[in-house]
file start-v4.cif (mmCIF, C-alpha atoms)
data_run
#
loop_
_atom_site.label_atom_id
_atom_site.label_comp_id
_atom_site.auth_asym_id
_atom_site.auth_seq_id
_atom_site.Cartn_x
_atom_site.Cartn_y
_atom_site.Cartn_z
CA MET A 246 -0.18 164.71 213.15
CA ASN A 247 -2.83 167.04 214.59
CA ALA A 248 -6.07 168.31 213.04
CA LYS A 249 -4.57 171.62 211.84
CA GLN A 250 -1.77 169.85 209.98
CA ILE A 251 -4.30 167.58 208.27
CA LYS A 252 -6.33 170.64 207.22
CA TRP A 253 -3.22 172.29 205.79
CA ILE A 254 -2.36 169.15 203.81
CA ILE A 255 -5.92 168.94 202.40
CA THR A 256 -5.90 172.64 201.48
CA LEU A 257 -2.53 172.54 199.74
CA ALA A 258 -3.45 169.28 197.97
CA LEU A 259 -6.67 170.83 196.64
CA LEU A 260 -4.84 173.92 195.39
CA GLY A 261 -2.10 171.83 193.78
CA ALA A 262 -4.60 169.53 192.11
CA ALA A 263 -6.64 172.51 190.87
CA VAL A 264 -3.61 174.15 189.28
CA TYR A 265 -2.57 170.82 187.74
CA PHE A 266 -5.98 170.29 186.11
CA MET A 267 -6.20 173.92 184.96
CA ILE A 268 -2.90 173.82 183.03
CA PRO A 269 -4.26 171.89 179.97
CA THR A 270 -7.22 174.30 179.71
CA ILE A 271 -4.93 177.34 179.83
CA GLN A 272 -2.61 175.80 177.23
CA TRP A 273 -5.54 174.86 174.98
CA TYR A 274 -7.22 178.25 174.86
CA ARG A 275 -3.92 180.03 174.33
CA LEU A 276 -3.62 178.22 170.99
CA SER A 277 -4.89 179.84 167.81
CA PRO A 278 -8.33 178.71 166.53
CA GLU A 279 -6.66 177.08 163.52
CA THR A 280 -4.31 175.03 165.72
CA ARG A 281 -7.19 173.96 167.97
CA GLU A 282 -9.19 172.84 164.94
CA GLU A 283 -6.28 170.71 163.71
CA LYS A 284 -5.88 169.10 167.12
CA GLU A 285 -9.62 168.39 167.32
CA LYS A 286 -9.54 166.61 163.96
CA SER A 287 -6.53 164.53 165.03
CA GLY A 288 -8.24 163.57 168.32
CA ASP A 289 -5.57 165.06 170.56
CA THR A 290 -5.63 163.58 174.09
CA ILE A 291 -5.66 167.06 175.63
CA LEU A 292 -9.33 167.33 174.61
CA GLY A 293 -10.29 165.07 177.50
CA LYS A 294 -8.58 167.33 180.04
CA ILE A 295 -9.99 170.77 179.30
CA ILE A 296 -13.11 172.71 180.27
CA ASN A 297 -15.41 172.46 177.27
CA LEU A 298 -17.39 175.48 176.16
CA GLY A 299 -21.13 175.21 175.66
CA LEU A 300 -23.13 176.19 172.61
CA ASP A 301 -23.59 179.79 173.75
CA LEU A 302 -19.82 180.28 174.12
CA ARG A 303 -18.34 178.08 171.41
CA GLY A 304 -20.94 178.36 168.68
CA GLY A 305 -22.56 175.44 166.88
CA MET A 306 -26.04 174.20 165.99
CA HIS A 307 -29.40 174.25 167.75
CA LEU A 308 -32.02 171.92 166.26
CA VAL A 309 -35.62 171.21 167.17
CA LEU A 310 -36.80 167.86 165.79
CA GLU A 311 -40.36 166.60 165.55
CA VAL A 312 -40.98 162.85 165.60
CA ASP A 313 -43.63 161.98 163.02
CA THR A 314 -45.79 159.77 165.24
CA SER A 315 -48.33 159.26 162.46
CA LYS A 316 -46.00 156.71 160.87
CA LEU A 317 -45.35 154.47 163.85
CA ALA A 318 -45.26 150.72 163.47
CA ALA A 319 -48.03 148.66 165.02
CA GLY A 320 -47.62 148.25 168.79
CA VAL A 321 -45.18 151.18 169.18
CA THR A 322 -46.44 153.98 171.44
CA LYS A 323 -45.62 157.67 171.03
CA VAL A 324 -43.61 157.75 174.26
CA ASP A 325 -41.56 154.68 173.31
CA ALA A 326 -40.89 156.10 169.85
CA VAL A 327 -39.57 159.43 171.17
CA ASP A 328 -37.43 157.74 173.83
CA ARG A 329 -36.03 155.31 171.28
CA ALA A 330 -35.34 158.19 168.85
CA ILE A 331 -33.39 160.07 171.55
CA GLU A 332 -31.28 156.99 172.28
CA ILE A 333 -30.51 156.44 168.59
CA LEU A 334 -29.71 160.11 167.98
CA ARG A 335 -27.36 160.13 170.97
CA ASN A 336 -25.52 157.08 169.60
CA ARG A 337 -25.21 158.68 166.17
CA ILE A 338 -23.95 162.00 167.53
CA ASP A 339 -21.47 160.31 169.87
CA GLN A 340 -19.98 158.45 166.91
CA PHE A 341 -20.03 161.65 164.85
CA GLY A 342 -17.53 163.08 167.34
CA VAL A 343 -19.33 166.09 168.84
CA SER A 344 -18.10 166.87 172.36
CA GLU A 345 -20.69 167.50 175.08
CA PRO A 346 -23.87 167.46 172.93
CA LEU A 347 -27.26 168.18 174.47
CA ILE A 348 -30.15 165.89 173.48
CA GLN A 349 -33.39 166.14 175.43
CA LYS A 350 -37.12 165.63 175.08
CA GLN A 351 -39.50 168.59 174.96
CA GLY A 352 -43.24 168.12 175.10
CA ASP A 353 -44.79 164.97 173.64
CA ASN A 354 -42.91 164.55 170.35
CA LEU A 355 -40.18 167.21 170.15
CA ILE A 356 -36.44 166.66 170.64
CA ILE A 357 -33.92 169.45 171.31
CA VAL A 358 -30.42 168.84 169.93
CA GLN A 359 -27.50 171.19 170.59
CA LEU A 360 -24.16 170.49 168.91
CA PRO A 361 -21.34 172.79 170.12
CA GLY A 362 -18.46 173.41 167.75
CA VAL A 363 -19.93 171.66 164.67
CA LYS A 364 -17.89 172.64 161.60
CA ASP A 365 -20.11 171.04 158.94
CA PRO A 366 -23.80 171.79 159.75
CA GLN A 367 -25.22 170.13 156.62
CA ARG A 368 -23.43 166.86 157.31
CA ALA A 369 -24.78 166.89 160.87
CA ILE A 370 -28.32 167.50 159.59
CA ASP A 371 -28.02 164.64 157.10
CA LEU A 372 -26.78 162.34 159.85
CA ILE A 373 -29.50 163.27 162.34
CA GLY A 374 -32.45 163.44 159.94
CA ARG A 375 -31.88 160.11 158.21
CA THR A 376 -34.27 157.38 159.28
CA ALA A 377 -31.75 154.67 158.27
CA LEU A 378 -34.26 151.90 157.60
CA LEU A 379 -32.21 149.18 155.89
CA GLU A 380 -34.05 146.40 154.08
CA PHE A 381 -33.06 143.46 151.89
CA ARG A 382 -35.80 142.88 149.28
CA LEU A 383 -36.03 140.56 146.33
CA VAL A 384 -36.35 142.08 142.85
CA ASP A 385 -39.17 140.81 140.62
CA ASP A 386 -37.88 138.63 137.79
CA THR A 387 -41.17 137.90 136.02
CA ASN A 388 -41.23 140.90 133.64
CA LYS A 389 -43.96 142.76 135.55
CA LEU A 390 -41.92 145.97 135.60
CA SER A 391 -43.44 147.39 132.41
CA GLU A 392 -46.97 146.99 133.81
CA ALA A 393 -45.88 148.56 137.11
CA LEU A 394 -44.46 151.58 135.26
CA GLN A 395 -47.91 152.06 133.73
CA GLY A 396 -49.46 152.18 137.21
CA LYS A 397 -50.46 148.51 137.49
CA VAL A 398 -48.31 147.52 140.49
CA PRO A 399 -49.03 143.89 141.47
CA ALA A 400 -50.18 143.11 144.99
CA GLY A 401 -47.28 142.46 147.35
CA TYR A 402 -44.83 144.55 145.29
CA GLU A 403 -43.56 148.12 145.34
CA LEU A 404 -41.96 150.30 142.68
CA LEU A 405 -38.76 152.02 143.86
CA LYS A 406 -35.87 153.82 142.20
CA ASP A 407 -32.17 153.39 142.71
CA LYS A 408 -29.62 156.21 143.14
CA ASN A 409 -29.34 156.56 139.36
CA GLY A 410 -33.10 156.92 138.88
CA GLU A 411 -33.66 153.44 137.45
CA ALA A 412 -37.01 151.93 138.50
CA LEU A 413 -37.12 148.47 140.08
CA LEU A 414 -40.07 146.32 141.10
CA LEU A 415 -39.45 144.91 144.57
CA GLN A 416 -41.32 142.74 146.99
CA SER A 417 -42.98 145.07 149.51
CA SER A 418 -41.98 142.96 152.53
CA ALA A 419 -38.39 142.49 153.69
CA THR A 420 -37.19 139.23 155.20
CA VAL A 421 -34.06 140.82 156.69
CA THR A 422 -33.75 144.41 157.94
CA GLY A 423 -31.18 146.61 159.64
CA ALA A 424 -32.49 145.43 163.02
CA SER A 425 -30.51 142.23 162.41
CA LEU A 426 -27.15 144.04 162.15
CA SER A 427 -24.48 143.82 164.83
CA ASN A 428 -21.86 146.10 163.22
CA ALA A 429 -21.14 148.26 160.20
CA LYS A 430 -17.78 149.71 159.19
CA VAL A 431 -16.17 151.49 156.26
CA LYS A 432 -13.71 149.65 154.02
CA ILE A 433 -11.97 150.42 150.75
CA GLY A 434 -11.69 147.94 147.92
CA GLY A 435 -13.53 146.47 144.97
CA GLN A 436 -12.74 146.89 141.31
CA TYR A 437 -12.17 150.64 141.50
CA ASN A 438 -10.77 150.77 145.04
CA GLN A 439 -13.75 152.76 146.33
CA PRO A 440 -15.15 152.98 149.87
CA TYR A 441 -18.01 150.66 150.80
CA VAL A 442 -19.78 149.61 153.99
CA ALA A 443 -19.16 146.12 155.36
CA ILE A 444 -21.98 144.86 157.59
CA ASP A 445 -22.11 142.02 160.09
CA PHE A 446 -25.32 140.30 161.15
CA THR A 447 -26.34 139.05 164.55
CA GLU A 448 -26.54 135.28 165.08
CA GLN A 449 -30.22 135.17 164.21
CA GLY A 450 -29.75 137.72 161.44
CA ALA A 451 -27.00 135.58 159.88
CA LYS A 452 -29.36 132.57 159.83
CA ASP A 453 -32.13 134.62 158.21
CA PHE A 454 -29.73 136.07 155.63
CA ALA A 455 -28.29 132.63 154.84
CA LYS A 456 -31.81 131.28 154.29
CA LEU A 457 -32.75 134.27 152.11
CA THR A 458 -29.69 133.96 149.87
CA GLY A 459 -29.78 130.17 149.78
CA GLU A 460 -33.36 130.08 148.55
CA ASN A 461 -32.87 132.79 145.89
CA ILE A 462 -29.67 131.94 144.02
CA ASN A 463 -29.39 133.73 140.63
CA ARG A 464 -32.01 136.28 141.70
CA ARG A 465 -31.36 139.97 142.32
CA LEU A 466 -31.46 141.08 145.95
CA ALA A 467 -31.96 144.82 146.43
CA ILE A 468 -30.36 146.66 149.34
CA VAL A 469 -32.83 149.44 150.21
CA LEU A 470 -32.00 152.33 152.55
CA ASP A 471 -34.79 154.77 153.45
CA GLY A 472 -36.78 153.82 150.36
CA VAL A 473 -33.86 154.20 147.92
CA VAL A 474 -32.23 151.19 146.26
CA GLN A 475 -28.50 151.41 146.94
CA SER A 476 -27.62 148.37 144.83
CA ALA A 477 -29.28 145.19 143.55
CA PRO A 478 -26.63 142.49 143.04
CA VAL A 479 -27.35 138.97 141.81
CA VAL A 480 -27.10 136.28 144.50
CA ARG A 481 -24.48 133.84 143.19
CA SER A 482 -24.39 131.51 146.18
CA LYS A 483 -25.63 131.07 149.72
CA ILE A 484 -24.00 133.49 152.21
CA PRO A 485 -23.80 131.61 155.53
CA ASP A 486 -21.14 133.64 157.38
CA GLY A 487 -23.32 136.64 158.25
CA HIS A 488 -21.26 139.19 156.32
CA ALA A 489 -22.34 141.43 153.44
CA ILE A 490 -21.34 144.70 151.79
CA ILE A 491 -23.22 147.80 150.63
CA GLU A 492 -21.82 149.54 147.57
CA GLY A 493 -23.17 152.61 145.81
CA ASN A 494 -20.37 154.86 144.54
CA PHE A 495 -20.06 156.41 148.00
CA THR A 496 -17.57 159.08 148.98
CA MET A 497 -15.59 158.46 152.15
CA GLU A 498 -17.84 160.87 154.10
CA GLU A 499 -21.03 159.25 152.77
CA SER A 500 -19.85 155.76 153.61
CA SER A 501 -18.76 156.91 157.08
CA GLU A 502 -22.17 158.48 157.77
CA LEU A 503 -23.94 155.36 156.48
CA ALA A 504 -21.87 153.14 158.78
CA ILE A 505 -22.67 155.41 161.74
CA VAL A 506 -26.44 155.36 161.22
CA LEU A 507 -26.48 151.61 160.59
CA ARG A 508 -24.52 150.94 163.79
CA ALA A 509 -26.82 153.23 165.79
CA GLY A 510 -29.97 151.68 164.30
CA ALA A 511 -32.99 152.97 162.45
CA LEU A 512 -35.26 155.61 163.91
CA PRO A 513 -38.68 154.23 164.92
CA ALA A 514 -40.35 157.03 162.93
CA PRO A 515 -39.20 159.82 160.60
CA VAL A 516 -38.02 163.04 162.24
CA ASN A 517 -38.63 166.48 160.77
CA ILE A 518 -36.37 169.44 161.50
CA ILE A 519 -38.74 172.29 162.44
CA GLU A 520 -36.08 174.69 163.72
CA ASN A 521 -32.45 175.03 162.72
CA ARG A 522 -30.25 177.78 164.17
CA THR A 523 -26.52 178.09 163.63
CA ILE A 524 -24.62 180.15 166.20
CA GLY A 525 -21.37 181.57 164.92
CA PRO A 526 -18.14 181.45 166.97
CA SER A 527 -17.90 185.26 166.93
CA LEU A 528 -20.92 185.41 169.26
CA GLY A 529 -19.23 182.87 171.50
CA GLN A 530 -16.01 184.89 171.70
CA ASP A 531 -17.96 188.04 172.57
CA SER A 532 -19.85 186.15 175.26
CA ILE A 533 -16.63 184.73 176.70
CA LYS A 534 -14.97 188.15 176.83
CA SER A 535 -18.02 189.77 178.41
CA GLY A 536 -18.43 186.97 180.95
CA VAL A 537 -14.76 186.91 181.92
CA ARG A 538 -14.72 190.70 182.17
CA ALA A 539 -17.81 190.67 184.41
CA CYS A 540 -16.25 187.93 186.56
CA LEU A 541 -12.96 189.79 186.99
CA ILE A 542 -14.65 193.12 187.70
CA GLY A 543 -16.90 191.50 190.28
CA LEU A 544 -13.95 189.70 191.87
CA ALA A 545 -11.90 192.92 192.00
CA ALA A 546 -14.80 194.84 193.54
CA ILE A 547 -15.23 192.21 196.24
CA VAL A 548 -11.48 192.15 196.99
CA ILE A 549 -11.30 195.94 197.32
CA PHE A 550 -14.43 196.18 199.47
CA MET A 551 -13.31 193.43 201.85
CA PHE A 552 -9.89 195.04 202.31
CA ILE A 553 -11.35 198.52 202.92
CA TYR A 554 -14.07 197.37 205.32
CA TYR A 555 -12.25 194.62 207.25
CA GLY A 556 -8.60 195.63 206.88
CA MET A 557 -6.05 192.80 207.07
CA SER A 558 -8.79 190.32 207.95
CA GLY A 559 -10.48 191.26 204.68
CA LEU A 560 -7.20 190.54 202.91
CA ILE A 561 -7.25 187.02 204.39
CA ALA A 562 -10.78 186.57 203.02
CA ASP A 563 -9.54 187.80 199.62
CA VAL A 564 -6.78 185.17 199.56
CA ALA A 565 -9.36 182.47 200.34
CA LEU A 566 -11.66 183.91 197.68
CA ILE A 567 -9.00 183.67 194.98
CA GLY A 568 -8.22 180.12 196.15
CA ASN A 569 -11.93 179.35 195.90
CA PHE A 570 -11.96 180.57 192.28
CA VAL A 571 -8.89 178.48 191.37
CA VAL A 572 -10.23 175.31 193.00
CA LEU A 573 -13.62 175.75 191.31
CA LEU A 574 -12.09 176.01 187.84
CA GLY A 575 -9.78 173.10 188.63
CA ALA A 576 -12.75 170.95 189.67
CA MET A 577 -14.57 171.79 186.42
CA ALA A 578 -11.49 170.81 184.42
CA ALA A 579 -10.96 167.61 186.44
CA PHE A 580 -14.52 166.41 185.83
CA HIS A 581 -14.54 167.69 182.23
CA PHE A 582 -17.60 169.90 182.73
CA THR A 583 -19.00 172.17 180.06
CA LEU A 584 -18.90 175.91 180.76
CA THR A 585 -21.86 177.96 179.56
CA LEU A 586 -22.79 181.62 179.93
CA PRO A 587 -25.23 180.81 182.79
CA GLY A 588 -22.37 178.77 184.25
CA ILE A 589 -20.23 181.89 184.42
CA ALA A 590 -23.11 183.57 186.26
CA GLY A 591 -23.11 180.64 188.68
CA ILE A 592 -19.38 181.14 189.32
CA ILE A 593 -19.89 184.85 190.07
CA LEU A 594 -22.81 184.06 192.41
CA SER A 595 -20.82 181.38 194.26
CA LEU A 596 -17.96 183.85 194.80
CA ALA A 597 -20.40 186.37 196.25
CA MET A 598 -21.78 183.69 198.57
CA ALA A 599 -18.24 182.82 199.68
CA VAL A 600 -17.75 186.43 200.77
CA ASP A 601 -21.10 186.34 202.53
CA ALA A 602 -19.81 183.47 204.70
CA ASN A 603 -16.71 185.48 205.62
CA VAL A 604 -18.87 188.49 206.50
CA LEU A 605 -20.88 186.34 208.93
CA ILE A 606 -17.67 185.07 210.54
CA PHE A 607 -16.02 188.48 210.80
CA GLU A 608 -19.11 190.12 212.29
CA ARG A 609 -19.32 187.33 214.85
CA ILE A 610 -15.65 187.83 215.74
CA ARG A 611 -16.31 191.57 216.18
CA GLU A 612 -19.13 190.79 218.60
CA GLU A 613 -16.88 188.53 220.65
CA LEU A 614 -14.15 191.19 220.74
CA ASN A 615 -16.68 193.82 221.85
CA ASN A 616 -17.68 191.48 224.70
CA GLY A 617 -14.13 191.68 226.00
CA LYS A 618 -12.75 188.34 224.85
CA THR A 619 -9.14 187.93 223.73
CA ILE A 620 -8.29 187.83 220.03
CA ARG A 621 -7.56 184.10 220.02
CA VAL A 622 -10.75 183.20 221.89
CA ALA A 623 -12.82 185.63 219.80
CA ILE A 624 -11.62 184.08 216.53
CA ASP A 625 -12.21 180.50 217.65
CA THR A 626 -15.64 181.33 219.10
CA GLY A 627 -16.60 183.40 216.05
CA TYR A 628 -15.83 180.53 213.69
CA GLU A 629 -17.52 177.97 215.91
CA ARG A 630 -20.79 179.90 216.23
CA ALA A 631 -20.94 181.20 212.64
CA THR A 632 -20.28 177.78 211.12
CA VAL A 633 -23.75 176.47 212.05
CA THR A 634 -25.42 179.43 210.34
CA ILE A 635 -23.22 179.16 207.25
CA VAL A 636 -23.82 175.43 206.82
CA ASP A 637 -27.56 175.85 207.39
CA CYS A 638 -28.07 178.56 204.74
CA ASN A 639 -25.74 176.87 202.25
CA LEU A 640 -27.59 173.55 202.57
CA THR A 641 -30.77 175.24 201.36
CA ASN A 642 -28.82 176.68 198.42
CA LEU A 643 -27.38 173.25 197.63
CA LEU A 644 -30.88 171.77 197.58
CA ALA A 645 -32.01 174.55 195.22
CA ALA A 646 -29.04 173.85 192.92
CA LEU A 647 -29.88 170.12 192.91
CA CYS A 648 -33.48 170.89 191.95
CA LEU A 649 -32.31 173.18 189.15
CA PHE A 650 -30.00 170.46 187.85
CA ASN A 651 -32.61 167.72 188.07
CA PHE A 652 -35.54 169.59 186.53
CA GLY A 653 -33.83 172.26 184.42
CA THR A 654 -32.72 172.19 180.80
CA GLY A 655 -29.25 172.76 179.29
CA PRO A 656 -28.39 176.38 180.27
CA VAL A 657 -30.08 176.01 183.67
CA LYS A 658 -28.12 172.83 184.35
CA GLY A 659 -24.87 174.64 183.54
CA PHE A 660 -25.78 177.29 186.11
CA ALA A 661 -26.71 174.63 188.68
CA VAL A 662 -23.42 172.72 188.28
CA THR A 663 -21.17 175.72 188.83
CA LEU A 664 -23.37 176.98 191.68
CA PHE A 665 -23.33 173.59 193.44
CA LEU A 666 -19.56 173.21 193.17
CA GLY A 667 -19.01 176.84 194.10
CA ILE A 668 -21.10 176.52 197.28
CA LEU A 669 -19.26 173.40 198.44
CA ILE A 670 -15.85 174.94 197.79
CA SER A 671 -16.85 178.30 199.33
CA MET A 672 -17.86 176.61 202.57
CA PHE A 673 -14.48 174.90 202.75
CA THR A 674 -12.48 178.05 202.01
CA ALA A 675 -14.57 180.29 204.31
CA ILE A 676 -14.70 177.96 207.30
CA ILE A 677 -11.41 176.04 207.03
CA VAL A 678 -8.91 178.00 204.94
CA THR A 679 -9.39 181.46 206.47
CA HIS A 680 -9.29 179.94 209.98
CA LEU A 681 -5.98 178.27 209.14
CA ILE A 682 -4.56 181.56 207.86
CA PHE A 683 -5.63 183.35 211.07
CA ASP A 684 -3.96 180.63 213.16
CA TYR A 685 -0.78 180.88 211.10
CA THR A 686 -0.56 184.69 211.37
CA LEU A 687 -1.24 184.64 215.14
CA GLN A 688 1.10 181.75 215.91
CA GLY A 689 3.75 182.79 218.46
CA LYS A 690 2.65 186.45 218.39
CA ASP A 691 1.16 188.61 221.10
CA ILE A 692 -1.22 190.77 219.08
CA LYS A 693 -3.18 193.31 221.12
CA LYS A 694 -5.53 194.47 218.35
CA LEU A 695 -6.99 192.64 215.37
CA SER A 696 -7.52 194.48 212.11
CA ILE A 697 -11.12 193.55 211.42
#
call {"tool": "encode", "arguments": {"input": "start-v4.cif", "output": "structure tokens"}}
result
Amino acid sequence: MNAKQIKWIITLALLGAAVYFMIPTIQWYRLSPETREEKEKSGDTILGKIINLGLDLRGGMHLVLEVDTSKLAAGVTKVDAVDRAIEILRNRIDQFGVSEPLIQKQGDNLIIVQLPGVKDPQRAIDLIGRTALLEFRLVDDTNKLSEALQGKVPAGYELLKDKNGEALLLQSSATVTGASLSNAKVKIGGQYNQPYVAIDFTEQGAKDFAKLTGENINRRLAIVLDGVVQSAPVVRSKIPDGHAIIEGNFTMEESSELAIVLRAGALPAPVNIIENRTIGPSLGQDSIKSGVRACLIGLAAIVIFMFIYYGMSGLIADVALIGNFVVLLGAMAAFHFTLTLPGIAGIILSLAMAVDANVLIFERIREELNNGKTIRVAIDTGYERATVTIVDCNLTNLLAALCLFNFGTGPVKGFAVTLFLGILISMFTAIIVTHLIFDYTLQGKDIKKLSI
């Protein structure tokens, strides 16, 4: 097997793989919006095989959060608090089921959150904004509540209300907190068959909880979440197994959200939503249509120009250009990338750069023909000498794309990804694929003049 045969195999394999990976995306976006929504809710496996659309194309939510660094615990720095908040928010959103979210730091204490395709904005806001500080506190049993209601709160105690508005006098310090949890999940049961949250403690947390319950039998133990008493059951016996439940007349959605935030952990400081923008899907559809139209018009203009200016050689470049477009979309589908409006611009730019490489090659071939060389020698020499120039200029573009990806934000990164992939694929199609097509068309033929 010679080098040309290996190149043909690689080329055909790339095209076949690209078409294979593009099929699920084509099938997905041919479905009606209602059918796609049903499949998203059911967790259809095709979701992991399509090109996702970014916030600017699909619609969704754009939030700017401010971490309240004035309420940090002792020993926690501002930088650590923001980084920890980003990690917790990412865990919550991943469990919420949003595909391809964007969560990034901006400035000293701001966090940008973009949630493409969110159907219930208020539920997402409730999930993100909740601090989720879980505490187990003992309820006072010495009849000091009446004095506390009159403003005489004893030292070491705090007056809080439960979900029904009933006031309770609790110890201000908590022996066990949500930091001791290892898992939280939704279950259904109890006297009225209602949803509740079952929690599991870590090894050390289980020991602390066993000690707390063992030393306070027949006392009320309040379960406090973000300063609100969810329930205050009486401890009937020591609980040594590290399991407990949180009840509070929850709906299934409320209990699911509570389990998510408890699993992800409590935020190190409260977060305030200072900007909330909802982008409707109609804007996304308009953007998609405009972007696709621009892409197709640009592609058609390039194809027509290349054919008019370079004749049949231009047609060979057009075939490679279309192959470049197919392989690029196939690569995005294979790696499950997110397509944004700047990403579409990156695709158009990479196609233009692919043509630029062919122009360099064709002009070099023309020079060799004008110097009196045969068609075969002119083509081989033209590709050999133009390749160095093409690789050199494209390497600088690849470095620029890497810098954009590394230092840019969401939309800029989308542009950088498509540009980087497009440059790599365009070099392959311009240098390898068009050369193979020339060799195939000239094989066994005595052509006196090349249409170029």
call {"tool": "residues_around", "arguments": {"input": "start-v4.cif", "residues": "stretch 264-281 of chain A", "least_positions_apart": "4", "cutoff": "7 Å", "atoms": "all atoms listed in the file", "output": "number ranges by chain"}}
result
A: 260, 285, 291, 294-296, 574-575, 578-579
call {"tool": "residues_around", "arguments": {"input": "start-v4.cif", "residues": "A:Ser418", "least_positions_apart": "6", "cutoff": "8 Å", "atoms": "only C-alpha atoms", "output": "number ranges by chain"}}
result
A: 382, 401-402
call {"tool": "resolve_selection", "arguments": {"input": "start-v4.cif", "expression": "the PyMOL selection byres ((chain A and resi 406-415) around 12)", "output": "ChimeraX atom specification"}}
result
/A:380-405,416-419,464-477,492-495
call {"tool": "residues_around", "arguments": {"input": "start-v4.cif", "residues": "A:Ile592", "least_positions_apart": "4", "cutoff": "9 Å", "atoms": "all atoms listed in the file", "output": "PyMOL selection string"}}
result
chain A and resi 540+570+573+587-588+596-597+660+663-664+666-667
call {"tool": "resolve_selection", "arguments": {"input": "start-v4.cif", "expression": "the PyMOL selection byres ((chain A and resi 546-554) around 9)", "output": "number ranges by chain"}}
result
A: 541-545, 555-564, 566, 596-597, 600, 604, 697
call {"tool": "resolve_selection", "arguments": {"input": "start-v4.cif", "expression": "the PyMOL selection byres ((chain A and resi 679) around 12)", "output": "PyMOL selection string"}}
result
chain A and resi 252-253+256+557-569+599-600+602-604+606-607+624-625+628+671-678+680-686
call {"tool": "atom_distance", "arguments": {"input": "start-v4.cif", "atom1": "atom CA of A:Ile670", "atom2": "atom CA of A:Ser535"}}
result
24.5 Å
call {"tool": "closest_residue", "arguments": {"input": "start-v4.cif", "among": "A:Ile491, A:Gly305, A:Val516, A:Lys432", "to": "A:Ala326", "atoms": "only C-alpha atoms"}}
result
A:Val516
call {"tool": "residues_near_point", "arguments": {"input": "start-v4.cif", "point": "(-47.2, 166.2, 169.6)", "cutoff": "8 Å", "atoms": "all atoms listed in the file", "output": "list in words"}}
result
Glu311, Thr314, Gly352, Asp353, Asn354 and Leu355 of chain A
call {"tool": "closest_residue", "arguments": {"input": "start-v4.cif", "among": "A:Ala262, A:Ile518, A:Ile505, A:Ile524", "to": "A:Gly304", "atoms": "only C-alpha atoms"}}
result
A:Ile524
call {"tool": "residues_around", "arguments": {"input": "start-v4.cif", "residues": "A:Leu334", "least_positions_apart": "4", "cutoff": "9 Å", "atoms": "all atoms listed in the file", "output": "short mmCIF file (atom, residue, chain, number, x, y, z; two decimals) with C-alpha atoms, keeping the file's coordinate frame"}}
result
data_model
loop_
_atom_site.label_atom_id
_atom_site.label_comp_id
_atom_site.auth_asym_id
_atom_site.auth_seq_id
_atom_site.Cartn_x
_atom_site.Cartn_y
_atom_site.Cartn_z
CA ARG A 329 -36.03 155.31 171.28
CA ALA A 330 -35.34 158.19 168.85
CA ILE A 338 -23.95 162.00 167.53
CA ASP A 339 -21.47 160.31 169.87
CA ILE A 348 -30.15 165.89 173.48
CA VAL A 358 -30.42 168.84 169.93
CA LEU A 372 -26.78 162.34 159.85
CA ILE A 373 -29.50 163.27 162.34
CA VAL A 506 -26.44 155.36 161.22
CA ALA A 509 -26.82 153.23 165.79
CA LEU A 512 -35.26 155.61 163.91
#
call {"tool": "closest_residue", "arguments": {"input": "start-v4.cif", "among": "A:Pro478, A:Gly434, A:Gly362, A:Gly423", "to": "A:Thr523", "atoms": "all atoms listed in the file"}}
result
A:Gly362
call {"tool": "atom_distance", "arguments": {"input": "start-v4.cif", "atom1": "atom CA of A:Asp445", "atom2": "atom CA of A:Ile490"}}
result
8.8 Å
